[in-house]
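Source file: start-v1.csv (CSV, C-alpha atoms)
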chain,number,residue,atom,x,y,z
A,22,MET,CA,-189.4,-52.5,100.4
A,23,THR,CA,-185.9,-51.3,100.4
A,24,PRO,CA,-184.4,-49.8,97.2
A,25,GLU,CA,-182.1,-52.9,96.8
A,26,MET,CA,-185.1,-55.2,96.8
A,27,ILE,CA,-187.0,-53.1,94.3
A,28,ILE,CA,-183.9,-53.1,92.0
A,29,THR,CA,-183.5,-56.8,92.2
A,30,VAL,CA,-187.2,-57.4,91.4
A,31,ILE,CA,-187.1,-55.0,88.5
A,32,LYS,CA,-184.0,-56.7,87.1
A,33,GLY,CA,-185.8,-60.0,87.1
A,34,PHE,CA,-188.9,-58.5,85.5
A,35,THR,CA,-186.9,-56.7,82.8
A,36,MET,CA,-185.2,-59.9,81.7
A,37,ALA,CA,-188.3,-62.0,82.0
A,38,ILE,CA,-190.6,-59.7,80.0
A,39,GLY,CA,-187.9,-58.7,77.6
A,40,GLY,CA,-187.2,-62.3,76.7
A,41,ILE,CA,-190.8,-63.3,75.7
A,42,ALA,CA,-191.0,-61.7,72.2
A,43,PRO,CA,-187.5,-62.6,71.1
A,44,ALA,CA,-188.0,-66.2,72.2
A,45,ILE,CA,-191.3,-66.4,70.2
A,46,GLY,CA,-189.6,-64.8,67.2
A,47,ILE,CA,-186.7,-67.2,67.2
A,48,GLY,CA,-189.1,-70.1,67.6
A,49,ILE,CA,-191.1,-69.0,64.6
A,50,ILE,CA,-188.0,-68.6,62.5
A,51,GLY,CA,-186.9,-72.1,63.4
A,52,PHE,CA,-190.4,-73.5,62.8
A,53,LYS,CA,-190.6,-72.0,59.3
A,54,ALA,CA,-187.0,-73.3,58.6
A,55,MET,CA,-188.0,-76.8,59.7
A,56,ASP,CA,-191.1,-76.5,57.5
A,57,ALA,CA,-189.0,-75.5,54.5
A,58,ILE,CA,-186.5,-78.3,55.0
A,59,GLY,CA,-189.2,-80.8,55.4
A,60,ARG,CA,-190.7,-79.8,52.0
A,61,ASN,CA,-187.3,-79.7,50.3
A,62,PRO,CA,-184.5,-81.5,52.1
A,63,GLU,CA,-181.9,-80.5,49.5
A,64,ALA,CA,-182.3,-76.8,50.5
A,65,ALA,CA,-181.1,-77.4,54.0
A,66,GLY,CA,-177.6,-76.1,53.3
A,67,LYS,CA,-178.9,-72.9,51.6
A,68,LEU,CA,-181.4,-72.3,54.5
A,69,PHE,CA,-178.9,-72.6,57.3
A,70,VAL,CA,-177.1,-69.3,57.1
A,71,PRO,CA,-180.1,-67.0,56.6
A,72,MET,CA,-181.8,-68.8,59.5
A,73,LEU,CA,-178.9,-68.2,61.7
A,74,LEU,CA,-178.7,-64.6,60.6
A,75,GLY,CA,-182.4,-64.1,61.3
A,76,MET,CA,-182.1,-65.7,64.8
A,77,ALA,CA,-179.1,-63.4,65.6
A,78,PHE,CA,-181.2,-60.3,64.8
A,79,ALA,CA,-184.2,-61.6,66.8
A,80,GLU,CA,-181.9,-62.5,69.7
A,81,ALA,CA,-180.4,-58.9,69.7
A,82,ILE,CA,-183.7,-57.6,71.3
A,83,ALA,CA,-183.3,-60.0,74.2
A,84,ILE,CA,-179.7,-58.8,74.5
A,85,TYR,CA,-180.9,-55.2,74.9
A,86,SER,CA,-183.0,-56.1,77.9
A,87,LEU,CA,-180.1,-58.2,79.3
A,88,VAL,CA,-177.8,-55.2,79.1
A,89,ILE,CA,-180.4,-53.2,81.1
A,90,ALA,CA,-180.7,-56.0,83.6
A,91,PHE,CA,-176.9,-56.0,84.1
A,92,THR,CA,-176.4,-52.3,84.4
A,93,LEU,CA,-179.2,-51.6,86.8
B,6,MET,CA,-167.8,-65.3,92.7
B,7,ILE,CA,-167.5,-61.8,91.3
B,8,ILE,CA,-169.5,-61.1,88.2
B,9,PRO,CA,-167.4,-58.9,85.8
B,10,PRO,CA,-168.6,-55.3,85.8
B,11,ALA,CA,-170.1,-53.8,82.7
B,12,ALA,CA,-167.3,-51.3,82.4
B,13,ALA,CA,-163.8,-52.7,81.6
B,14,GLU,CA,-161.3,-52.3,84.4
B,15,PRO,CA,-158.3,-50.1,84.0
B,16,ILE,CA,-155.1,-52.1,84.7
B,17,PHE,CA,-152.4,-49.4,84.2
B,18,GLU,CA,-152.0,-45.8,83.1
B,19,ILE,CA,-149.9,-44.3,80.3
B,20,GLY,CA,-149.4,-40.6,80.6
B,21,GLY,CA,-152.6,-40.1,82.6
B,22,ILE,CA,-154.8,-42.2,80.2
B,23,ALA,CA,-156.2,-45.3,81.9
B,24,ILE,CA,-155.6,-48.5,79.8
B,25,THR,CA,-158.3,-51.1,80.3
B,26,ASN,CA,-157.9,-54.9,79.9
B,27,ALA,CA,-160.3,-54.9,76.9
B,28,LEU,CA,-158.1,-52.3,75.3
B,29,VAL,CA,-155.1,-54.6,75.8
B,30,ASN,CA,-156.9,-57.4,74.0
B,31,GLY,CA,-157.8,-55.1,71.2
B,32,TRP,CA,-154.1,-54.2,70.8
B,33,ILE,CA,-153.2,-57.9,70.8
B,34,ALA,CA,-155.6,-58.5,67.9
B,35,VAL,CA,-154.2,-55.5,66.0
B,36,ALA,CA,-150.6,-56.8,66.6
B,37,PHE,CA,-151.6,-60.2,65.3
B,38,PHE,CA,-152.8,-58.8,62.0
B,39,ALA,CA,-149.8,-56.6,61.7
B,40,ILE,CA,-147.5,-59.6,62.2
B,41,LEU,CA,-149.6,-61.5,59.6
B,42,ALA,CA,-149.2,-58.7,57.1
B,43,LEU,CA,-145.4,-58.5,57.7
B,44,ALA,CA,-145.0,-62.2,57.5
B,45,LEU,CA,-146.4,-62.1,54.0
B,46,GLY,CA,-143.4,-60.1,52.8
B,47,ARG,CA,-143.1,-59.6,49.1
B,48,MET,CA,-146.1,-60.9,47.1
B,49,GLN,CA,-145.3,-63.5,44.4
B,50,MET,CA,-147.4,-63.6,41.2
B,51,ILE,CA,-148.0,-67.3,41.7
B,52,PRO,CA,-148.9,-67.7,45.4
B,53,ARG,CA,-147.3,-70.5,47.5
B,54,GLY,CA,-147.9,-71.7,51.0
B,55,PHE,CA,-148.8,-69.0,53.4
B,56,GLN,CA,-149.7,-66.4,50.8
B,57,ASN,CA,-151.9,-68.9,49.0
B,58,PHE,CA,-153.8,-69.5,52.3
B,59,MET,CA,-154.3,-65.8,52.8
B,60,GLU,CA,-155.5,-65.4,49.2
B,61,VAL,CA,-158.1,-68.1,49.7
B,62,ILE,CA,-159.5,-66.1,52.7
B,63,VAL,CA,-159.4,-62.8,50.9
B,64,ASP,CA,-161.0,-64.3,47.7
B,65,PHE,CA,-163.8,-66.0,49.6
B,66,LEU,CA,-164.7,-62.7,51.5
B,67,LEU,CA,-164.5,-60.7,48.3
B,68,LYS,CA,-166.9,-63.1,46.5
B,69,GLU,CA,-169.3,-63.0,49.4
B,70,ILE,CA,-169.2,-59.2,49.4
B,71,GLN,CA,-169.8,-59.1,45.7
B,72,LYS,CA,-172.9,-61.2,46.1
B,73,VAL,CA,-174.5,-58.4,48.2
B,74,THR,CA,-173.3,-55.3,46.3
B,75,GLY,CA,-173.8,-56.8,42.8
B,76,ASP,CA,-171.0,-55.0,41.0
B,77,GLU,CA,-167.3,-55.7,41.5
B,78,LYS,CA,-166.2,-52.0,41.7
B,79,ARG,CA,-168.2,-51.4,44.9
B,80,ALA,CA,-167.2,-54.8,46.3
B,81,ARG,CA,-163.5,-53.8,46.0
B,82,ALA,CA,-164.2,-50.4,47.5
B,83,PHE,CA,-166.1,-51.8,50.5
B,84,PHE,CA,-163.8,-54.8,51.0
B,85,PRO,CA,-161.2,-53.2,53.3
B,86,ILE,CA,-163.8,-51.9,55.8
B,87,VAL,CA,-166.1,-54.9,55.8
B,88,ALA,CA,-163.5,-57.7,55.7
B,89,GLY,CA,-161.4,-55.7,58.3
B,90,ILE,CA,-164.3,-55.5,60.7
B,91,PHE,CA,-165.2,-59.2,60.2
B,92,LEU,CA,-161.6,-60.5,60.7
B,93,PHE,CA,-160.8,-58.2,63.6
B,94,LEU,CA,-164.1,-59.1,65.4
B,95,LEU,CA,-163.7,-62.8,64.7
B,96,PHE,CA,-160.2,-62.9,66.0
B,97,SER,CA,-160.8,-60.8,69.0
B,98,ASN,CA,-164.0,-62.7,70.0
B,99,TRP,CA,-162.2,-66.0,69.7
B,100,LEU,CA,-159.2,-64.6,71.6
B,101,GLY,CA,-161.5,-63.9,74.5
B,102,GLN,CA,-162.0,-67.6,75.0
B,103,LEU,CA,-158.3,-68.2,75.6
B,104,PRO,CA,-157.8,-69.8,79.0
B,105,GLY,CA,-156.7,-67.1,81.4
B,106,THR,CA,-158.8,-64.4,79.9
B,107,GLY,CA,-161.0,-63.0,82.6
B,108,THR,CA,-159.5,-65.2,85.3
B,109,ILE,CA,-155.8,-64.3,85.7
B,110,GLY,CA,-155.5,-60.9,87.3
B,111,VAL,CA,-154.5,-58.9,90.3
B,112,TYR,CA,-156.6,-57.7,93.2
B,113,GLY,CA,-157.1,-54.0,93.2
B,114,VAL,CA,-159.6,-51.3,94.1
B,115,HIS,CA,-162.4,-50.8,91.5
B,116,HIS,CA,-165.1,-48.3,92.1
B,117,GLY,CA,-164.3,-48.3,95.8
B,118,GLU,CA,-164.4,-52.0,96.4
B,119,VAL,CA,-161.6,-54.6,96.3
B,120,ALA,CA,-162.2,-56.8,93.3
B,121,LEU,CA,-160.2,-59.1,90.9
B,122,LEU,CA,-159.0,-57.0,88.0
B,123,PRO,CA,-158.4,-59.5,85.1
B,124,LEU,CA,-155.4,-58.7,82.9
B,125,LEU,CA,-157.3,-59.8,79.8
B,126,ARG,CA,-160.9,-59.4,78.7
B,127,PRO,CA,-162.6,-59.9,75.3
B,128,ALA,CA,-162.2,-56.6,73.4
B,129,ALA,CA,-165.8,-56.4,72.3
B,130,SER,CA,-167.0,-56.7,75.9
B,131,ASP,CA,-166.2,-53.1,76.3
B,132,LEU,CA,-169.0,-50.8,75.2
B,133,ASN,CA,-166.4,-48.2,74.1
B,134,LEU,CA,-165.0,-50.4,71.4
B,135,THR,CA,-168.4,-51.5,70.1
B,136,ILE,CA,-169.8,-47.9,70.0
B,137,ALA,CA,-166.7,-46.7,68.3
B,138,MET,CA,-166.9,-49.5,65.6
B,139,ALA,CA,-170.6,-48.9,65.1
B,140,ALA,CA,-170.2,-45.1,64.8
B,141,PHE,CA,-167.4,-45.7,62.3
B,142,ALA,CA,-169.5,-48.1,60.2
B,143,VAL,CA,-172.5,-45.7,60.0
B,144,LEU,CA,-170.2,-42.7,59.4
B,145,ALA,CA,-168.4,-44.6,56.6
B,146,SER,CA,-171.7,-45.4,55.0
B,147,HIS,CA,-172.6,-41.7,55.0
B,148,LEU,CA,-169.2,-40.7,53.6
B,149,PHE,CA,-169.4,-43.3,50.9
B,150,GLY,CA,-172.9,-42.1,50.0
B,151,LEU,CA,-171.8,-38.5,49.8
B,152,ARG,CA,-169.0,-39.5,47.5
B,153,ALA,CA,-171.1,-41.7,45.3
B,154,LEU,CA,-174.3,-39.7,45.0
B,155,GLY,CA,-173.1,-36.1,45.6
B,156,PHE,CA,-174.1,-33.8,48.4
B,157,VAL,CA,-177.6,-32.9,47.3
B,158,SER,CA,-178.8,-36.4,46.4
B,159,HIS,CA,-177.5,-37.9,49.6
B,160,VAL,CA,-178.9,-35.2,51.9
B,161,SER,CA,-182.2,-35.4,50.0
B,162,LYS,CA,-182.6,-38.9,51.4
B,163,PHE,CA,-183.0,-37.4,54.8
B,164,ILE,CA,-184.1,-33.8,54.4
B,165,ASN,CA,-186.2,-34.1,51.2
B,166,ILE,CA,-186.7,-30.4,50.3
B,167,ARG,CA,-185.8,-31.1,46.7
B,168,GLY,CA,-188.8,-33.5,46.5
B,169,ILE,CA,-191.2,-30.8,47.6
B,170,PHE,CA,-189.9,-28.4,44.9
B,171,GLN,CA,-190.2,-31.0,42.2
B,172,ALA,CA,-193.7,-31.9,43.3
B,173,PHE,CA,-195.0,-28.4,42.6
B,174,LYS,CA,-194.9,-29.1,38.9
B,175,LYS,CA,-197.0,-32.2,39.2
B,176,GLY,CA,-200.0,-31.0,41.2
B,177,PRO,CA,-201.5,-30.7,44.7
B,178,ILE,CA,-201.6,-34.4,45.5
B,179,ALA,CA,-198.0,-34.8,44.6
B,180,VAL,CA,-197.2,-31.9,47.0
B,181,LEU,CA,-199.0,-33.7,49.8
B,182,VAL,CA,-197.1,-36.9,49.1
B,183,ALA,CA,-193.8,-34.9,49.0
B,184,ILE,CA,-194.6,-33.4,52.4
B,185,VAL,CA,-195.2,-36.8,53.9
B,186,GLU,CA,-191.9,-38.0,52.3
B,187,PHE,CA,-190.2,-35.1,54.0
B,188,GLY,CA,-191.5,-36.3,57.3
B,189,ILE,CA,-190.3,-39.8,56.5
B,190,GLY,CA,-186.9,-38.5,55.7
B,191,LEU,CA,-186.6,-36.8,59.1
B,192,ILE,CA,-187.5,-40.1,60.8
B,193,GLU,CA,-184.8,-41.8,58.8
B,194,LEU,CA,-182.4,-39.5,60.6
B,195,VAL,CA,-183.5,-41.0,63.9
B,196,GLY,CA,-183.1,-44.4,62.2
B,197,GLU,CA,-179.4,-43.7,61.7
B,198,VAL,CA,-178.9,-43.1,65.4
B,199,ALA,CA,-180.8,-46.3,66.1
B,200,LYS,CA,-178.4,-48.2,63.7
B,201,VAL,CA,-175.4,-47.1,65.8
B,202,MET,CA,-177.2,-48.1,69.1
B,203,SER,CA,-178.4,-51.5,67.8
B,204,LEU,CA,-175.0,-52.4,66.2
B,205,SER,CA,-173.1,-51.6,69.3
B,206,LEU,CA,-175.5,-53.0,71.9
B,207,ARG,CA,-176.0,-56.3,70.0
B,208,LEU,CA,-172.2,-57.0,69.9
B,209,PHE,CA,-171.5,-55.7,73.4
B,210,GLY,CA,-174.5,-57.6,74.9
B,211,ASN,CA,-173.6,-60.9,73.3
B,212,ILE,CA,-169.9,-60.9,74.2
B,213,PHE,CA,-170.3,-59.4,77.6
B,214,ALA,CA,-173.1,-61.8,78.5
B,215,GLY,CA,-170.8,-64.6,77.3
B,216,GLU,CA,-168.1,-63.4,79.7
B,217,VAL,CA,-170.6,-63.3,82.6
B,218,LEU,CA,-171.9,-66.8,81.6
B,219,ILE,CA,-168.4,-68.3,81.6
B,220,THR,CA,-167.5,-66.7,84.9
B,221,VAL,CA,-170.7,-68.0,86.5
B,222,MET,CA,-170.1,-71.5,85.0
B,223,LEU,CA,-166.5,-71.5,86.2
B,224,GLY,CA,-167.8,-70.5,89.6
B,225,LEU,CA,-170.2,-73.5,89.7
B,226,PHE,CA,-167.7,-76.2,88.8
B,227,SER,CA,-164.3,-75.4,87.2
B,228,PHE,CA,-163.7,-78.6,85.2
B,229,ILE,CA,-165.8,-80.3,82.6
B,230,VAL,CA,-169.0,-78.1,83.0
B,231,PRO,CA,-167.9,-74.9,81.3
B,232,ILE,CA,-166.7,-76.6,78.1
B,233,PRO,CA,-170.1,-76.7,76.2
B,234,PHE,CA,-170.5,-73.0,77.1
B,235,MET,CA,-167.1,-72.1,75.8
B,236,LEU,CA,-167.9,-73.9,72.6
B,237,LEU,CA,-171.2,-71.9,72.5
B,238,GLU,CA,-169.1,-68.7,73.0
B,239,LEU,CA,-166.9,-69.6,70.0
B,240,LEU,CA,-170.1,-70.0,67.9
B,241,VAL,CA,-171.6,-66.7,69.2
B,242,GLY,CA,-168.3,-64.9,68.5
B,243,ALA,CA,-168.3,-66.0,64.9
B,244,VAL,CA,-172.0,-65.3,64.4
B,245,GLN,CA,-171.7,-61.8,65.9
B,246,ALA,CA,-168.7,-60.9,63.7
B,247,THR,CA,-170.7,-62.1,60.7
B,248,VAL,CA,-173.8,-60.1,61.6
B,249,PHE,CA,-171.8,-56.9,62.3
B,250,ALA,CA,-169.9,-57.1,59.0
B,251,MET,CA,-172.9,-58.0,57.0
B,252,LEU,CA,-175.0,-55.2,58.4
B,253,THR,CA,-172.1,-52.7,57.7
B,254,LEU,CA,-172.1,-54.0,54.2
B,255,ALA,CA,-175.8,-53.6,53.8
B,256,TYR,CA,-175.7,-50.0,55.1
B,257,LEU,CA,-172.8,-49.2,52.7
B,258,THR,CA,-174.6,-50.8,49.8
B,259,VAL,CA,-177.9,-48.9,50.5
B,260,ALA,CA,-176.1,-45.6,51.0
B,261,THR,CA,-174.4,-45.9,47.6
B,262,ASP,CA,-177.5,-47.1,45.7
B,263,GLU,CA,-178.8,-44.5,43.2
B,264,HIS,CA,-182.4,-45.3,43.6
B,265,GLY,CA,-183.3,-44.6,47.2
B,266,HIS,CA,-186.2,-47.1,47.5
B,267,GLU,CA,-184.2,-50.2,47.6
B,268,GLU,CA,-183.8,-50.1,51.3
B,269,GLU,CA,-186.2,-53.0,52.2
B,270,HIS,CA,-184.4,-55.3,49.8
B,271,ALA,CA,-180.9,-54.7,51.1
B,272,ASP,CA,-181.3,-56.7,54.2
B,273,ASP,CA,-182.9,-59.6,52.3
B,274,HIS,CA,-180.1,-59.4,49.7
B,275,ALA,CA,-177.5,-59.7,52.4
B,276,SER,CA,-179.0,-62.8,54.0
B,277,GLU,CA,-180.1,-64.6,50.8
B,278,HIS,CA,-176.8,-64.1,49.0
B,279,ALA,CA,-175.0,-65.5,52.0
B,280,THR,CA,-176.4,-68.9,51.2
B,281,GLU,CA,-175.4,-69.3,47.6
B,282,PRO,CA,-173.1,-72.3,47.3
B,283,ALA,CA,-169.5,-71.4,46.7
B,284,HIS,CA,-168.7,-71.7,43.0
For this file, produce the structure as structure tokens.
Amino acid sequence: MTPEMIITVIKGFTMAIGGIAPAIGIGIIGFKAMDAIGRNPEAAGKLFVPMLLGMAFAEAIAIYSLVIAFTL
Amino acid sequence: MIIPPAAAEPIFEIGGIAITNALVNGWIAVAFFAILALALGRMQMIPRGFQNFMEVIVDFLLKEIQKVTGDEKRARAFFPIVAGIFLFLLFSNWLGQLPGTGTIGVYGVHHGEVALLPLLRPAASDLNLTIAMAAFAVLASHLFGLRALGFVSHVSKFINIRGIFQAFKKGPIAVLVAIVEFGIGLIELVGEVAKVMSLSLRLFGNIFAGEVLITVMLGLFSFIVPIPFMLLELLVGAVQATVFAMLTLAYLTVATDEHGHEEEHADDHASEHATEPAH
């Protein structure tokens, strides 16, 4: 195993493992938003911006591991 | 297909300081706002045309900021920083999608290899800019807190010796609680550093990853395929500008709050107030 191979494999693992939790988090946020819209369709406009905000924060964690993957 | 490097490439030098392509984009954004300000000229009491349009934007942002801070005095004090961050980031992120950004360049030597040095690159795809803005935002929140609460109150949020002295009057259990709160205050200091890191890396990661994505898509097939991704980048640019500005506003608001235990509510405030329908 040459160092380049190891670095490539580590890059892949960093992104793969680092993306699991944010993906689940974003899914839960979307799921709950769908739930709330289903119960109260008029609230859809009010829900949209906080949902987007929450998803941006959850996605930031995946971005941290993406930065590591790029700079390795 | 060459993936853009994480560090922005220097394209020329002024007096020994290397000027990078992301810095050039930042200057273009600053020049744009300077030209806008000059184009406003003398303000009329009854706004017409261009001034009216600018007042719509300013009024909208001021109302949104007021929903988070609650009182108008603080909204007006925070407005220049928060709205400035938001508008600058919005314009410079969208400027990064201009055709030619990242593609038109010269071949030169970069880190020992021959590579394409693009003449333009989104300003926020340079970690220097995002760290500078994040450090500025957190430092501003501390300075506003010092000015609003006074030196002792503000420092007591982090190094809570005053709480220990006050607890001696109340009894032994209160002293134990005060010692635990002292430890919590020290951890808050680490949290401040984490704020700078998270603010800067979130913005940098999103915009830089967008650059890499568009470059890879253009490498696959130059014509219709990159369009949905460029539209996605427009959305991402707007969302990241909003998130950065809203977090800065939340930090400023929490730092100037008298009662220190409102921290958990500030983030919820910021997101829930963002949804109230415009009156």
- Message: Using all atoms listed in the file, which protein or nucleic acid residues come within 10 Å of A:Ala37? Drop anything in the same chain fewer than 2 positions from it, and give the result as a PyMOL selection string.
- Response: chain A and resi 31-35+39-41+83+86-87+90
May I have the residues within 12 Å of A:Met76 as a compact mmCIF listing (two decimals) with C-alpha atoms, in the coordinates of the input, using all atoms listed in the file and disregarding those fewer than 6 positions away in the same chain?
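Saved file around07.txt follows:
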# COMPACT_ATOMS: atom_id res chain seq x y z
CA PRO A 43 -187.50 -62.60 71.10
CA ALA A 44 -188.00 -66.20 72.20
CA ILE A 45 -191.30 -66.40 70.20
CA GLY A 46 -189.60 -64.80 67.20
CA ILE A 47 -186.70 -67.20 67.20
CA GLY A 48 -189.10 -70.10 67.60
CA ILE A 49 -191.10 -69.00 64.60
CA ILE A 50 -188.00 -68.60 62.50
CA GLY A 51 -186.90 -72.10 63.40
CA PHE A 52 -190.40 -73.50 62.80
CA LYS A 53 -190.60 -72.00 59.30
CA ALA A 54 -187.00 -73.30 58.60
CA PHE A 69 -178.90 -72.60 57.30
CA VAL A 70 -177.10 -69.30 57.10
CA ILE A 82 -183.70 -57.60 71.30
CA ALA A 83 -183.30 -60.00 74.20
CA VAL B 241 -171.60 -66.70 69.20
CA VAL B 244 -172.00 -65.30 64.40
CA GLN B 245 -171.70 -61.80 65.90
CA VAL B 248 -173.80 -60.10 61.60
CA SER B 276 -179.00 -62.80 54.00
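Here atom CA of B:Leu66 stands at a distance of 14.6 Å from atom CA of B:Lys78.
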- Task: Work out how far apart atom CA of B:Leu223 and atom CA of B:Asn26 are and give it in Å to one decimal.
- Result: 19.7 Å
- Rank B:Ser203, B:Ser158, B:Ser130, B:Thr108 by their smallest atom-to-atom distance to chain A, using only C-alpha atoms, and report the top residue only. B:Ser203
- Message: Please report the interatomic distance between atom CA of B:Val114 and atom CA of B:Glu14 in Å with one decimal.
- Response: 9.9 Å
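Minimum atom-to-atom distance to A:Asp56, evaluated using all atoms listed in the file, belongs to A:Leu68 out of A:Ala81, A:Leu93, A:Leu68, A:Ala42.
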Check every residue of chain A for an atom within 7 Å of chain B, counting only C-alpha atoms, and provide those that qualify as a short mmCIF file (atom, residue, chain, number, x, y, z; two decimals) with C-alpha atoms, in the coordinates of the input.
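Output file result_18.cif follows:
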data_model
loop_
_atom_site.label_atom_id
_atom_site.label_comp_id
_atom_site.auth_asym_id
_atom_site.auth_seq_id
_atom_site.Cartn_x
_atom_site.Cartn_y
_atom_site.Cartn_z
CA LYS A 67 -178.90 -72.90 51.60
CA LEU A 68 -181.40 -72.30 54.50
CA VAL A 70 -177.10 -69.30 57.10
CA PRO A 71 -180.10 -67.00 56.60
CA LEU A 74 -178.70 -64.60 60.60
CA ALA A 81 -180.40 -58.90 69.70
CA ILE A 84 -179.70 -58.80 74.50
CA TYR A 85 -180.90 -55.20 74.90
CA VAL A 88 -177.80 -55.20 79.10
CA THR A 92 -176.40 -52.30 84.40
#
Can you patch up stretch 192-206 of chain B, filling it in to N, CA and C atoms, and show the result as a PDB file, in the coordinates of the input?
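Listing of rebuild_32.pdb after writing:
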ATOM      1  N   ILE B 192    -187.552 -38.946  59.926  1.00  0.00           N
ATOM      2  CA  ILE B 192    -187.500 -40.100  60.800  1.00  0.00           C
ATOM      3  C   ILE B 192    -186.344 -41.017  60.430  1.00  0.00           C
ATOM      4  N   GLU B 193    -185.955 -41.015  59.147  1.00  0.00           N
ATOM      5  CA  GLU B 193    -184.800 -41.800  58.800  1.00  0.00           C
ATOM      6  C   GLU B 193    -183.540 -41.324  59.537  1.00  0.00           C
ATOM      7  N   LEU B 194    -183.482 -40.000  59.844  1.00  0.00           N
ATOM      8  CA  LEU B 194    -182.400 -39.500  60.600  1.00  0.00           C
ATOM      9  C   LEU B 194    -182.306 -40.197  61.988  1.00  0.00           C
ATOM     10  N   VAL B 195    -183.473 -40.327  62.626  1.00  0.00           N
ATOM     11  CA  VAL B 195    -183.500 -41.000  63.900  1.00  0.00           C
ATOM     12  C   VAL B 195    -183.077 -42.490  63.695  1.00  0.00           C
ATOM     13  N   GLY B 196    -183.465 -43.048  62.540  1.00  0.00           N
ATOM     14  CA  GLY B 196    -183.100 -44.400  62.200  1.00  0.00           C
ATOM     15  C   GLY B 196    -181.557 -44.581  62.194  1.00  0.00           C
ATOM     16  N   GLU B 197    -180.855 -43.536  61.746  1.00  0.00           N
ATOM     17  CA  GLU B 197    -179.400 -43.700  61.700  1.00  0.00           C
ATOM     18  C   GLU B 197    -178.821 -43.788  63.092  1.00  0.00           C
ATOM     19  N   VAL B 198    -179.359 -42.983  64.037  1.00  0.00           N
ATOM     20  CA  VAL B 198    -178.900 -43.100  65.400  1.00  0.00           C
ATOM     21  C   VAL B 198    -179.222 -44.505  65.950  1.00  0.00           C
ATOM     22  N   ALA B 199    -180.429 -44.996  65.592  1.00  0.00           N
ATOM     23  CA  ALA B 199    -180.800 -46.300  66.100  1.00  0.00           C
ATOM     24  C   ALA B 199    -179.891 -47.395  65.503  1.00  0.00           C
ATOM     25  N   LYS B 200    -179.385 -47.184  64.280  1.00  0.00           N
ATOM     26  CA  LYS B 200    -178.400 -48.200  63.700  1.00  0.00           C
ATOM     27  C   LYS B 200    -177.192 -48.250  64.580  1.00  0.00           C
ATOM     28  N   VAL B 201    -176.654 -47.080  64.978  1.00  0.00           N
ATOM     29  CA  VAL B 201    -175.400 -47.100  65.800  1.00  0.00           C
ATOM     30  C   VAL B 201    -175.725 -47.831  67.117  1.00  0.00           C
ATOM     31  N   MET B 202    -176.871 -47.480  67.769  1.00  0.00           N
ATOM     32  CA  MET B 202    -177.200 -48.100  69.100  1.00  0.00           C
ATOM     33  C   MET B 202    -177.336 -49.615  68.899  1.00  0.00           C
ATOM     34  N   SER B 203    -178.098 -50.048  67.873  1.00  0.00           N
ATOM     35  CA  SER B 203    -178.400 -51.500  67.800  1.00  0.00           C
ATOM     36  C   SER B 203    -177.119 -52.259  67.432  1.00  0.00           C
ATOM     37  N   LEU B 204    -176.293 -51.736  66.504  1.00  0.00           N
ATOM     38  CA  LEU B 204    -175.000 -52.400  66.200  1.00  0.00           C
ATOM     39  C   LEU B 204    -174.181 -52.604  67.403  1.00  0.00           C
ATOM     40  N   SER B 205    -173.997 -51.499  68.149  1.00  0.00           N
ATOM     41  CA  SER B 205    -173.100 -51.600  69.300  1.00  0.00           C
ATOM     42  C   SER B 205    -173.617 -52.449  70.386  1.00  0.00           C
ATOM     43  N   LEU B 206    -174.917 -52.281  70.714  1.00  0.00           N
ATOM     44  CA  LEU B 206    -175.500 -53.000  71.900  1.00  0.00           C
ATOM     45  C   LEU B 206    -175.576 -54.505  71.549  1.00  0.00           C
TER      46      LEU B 206
END
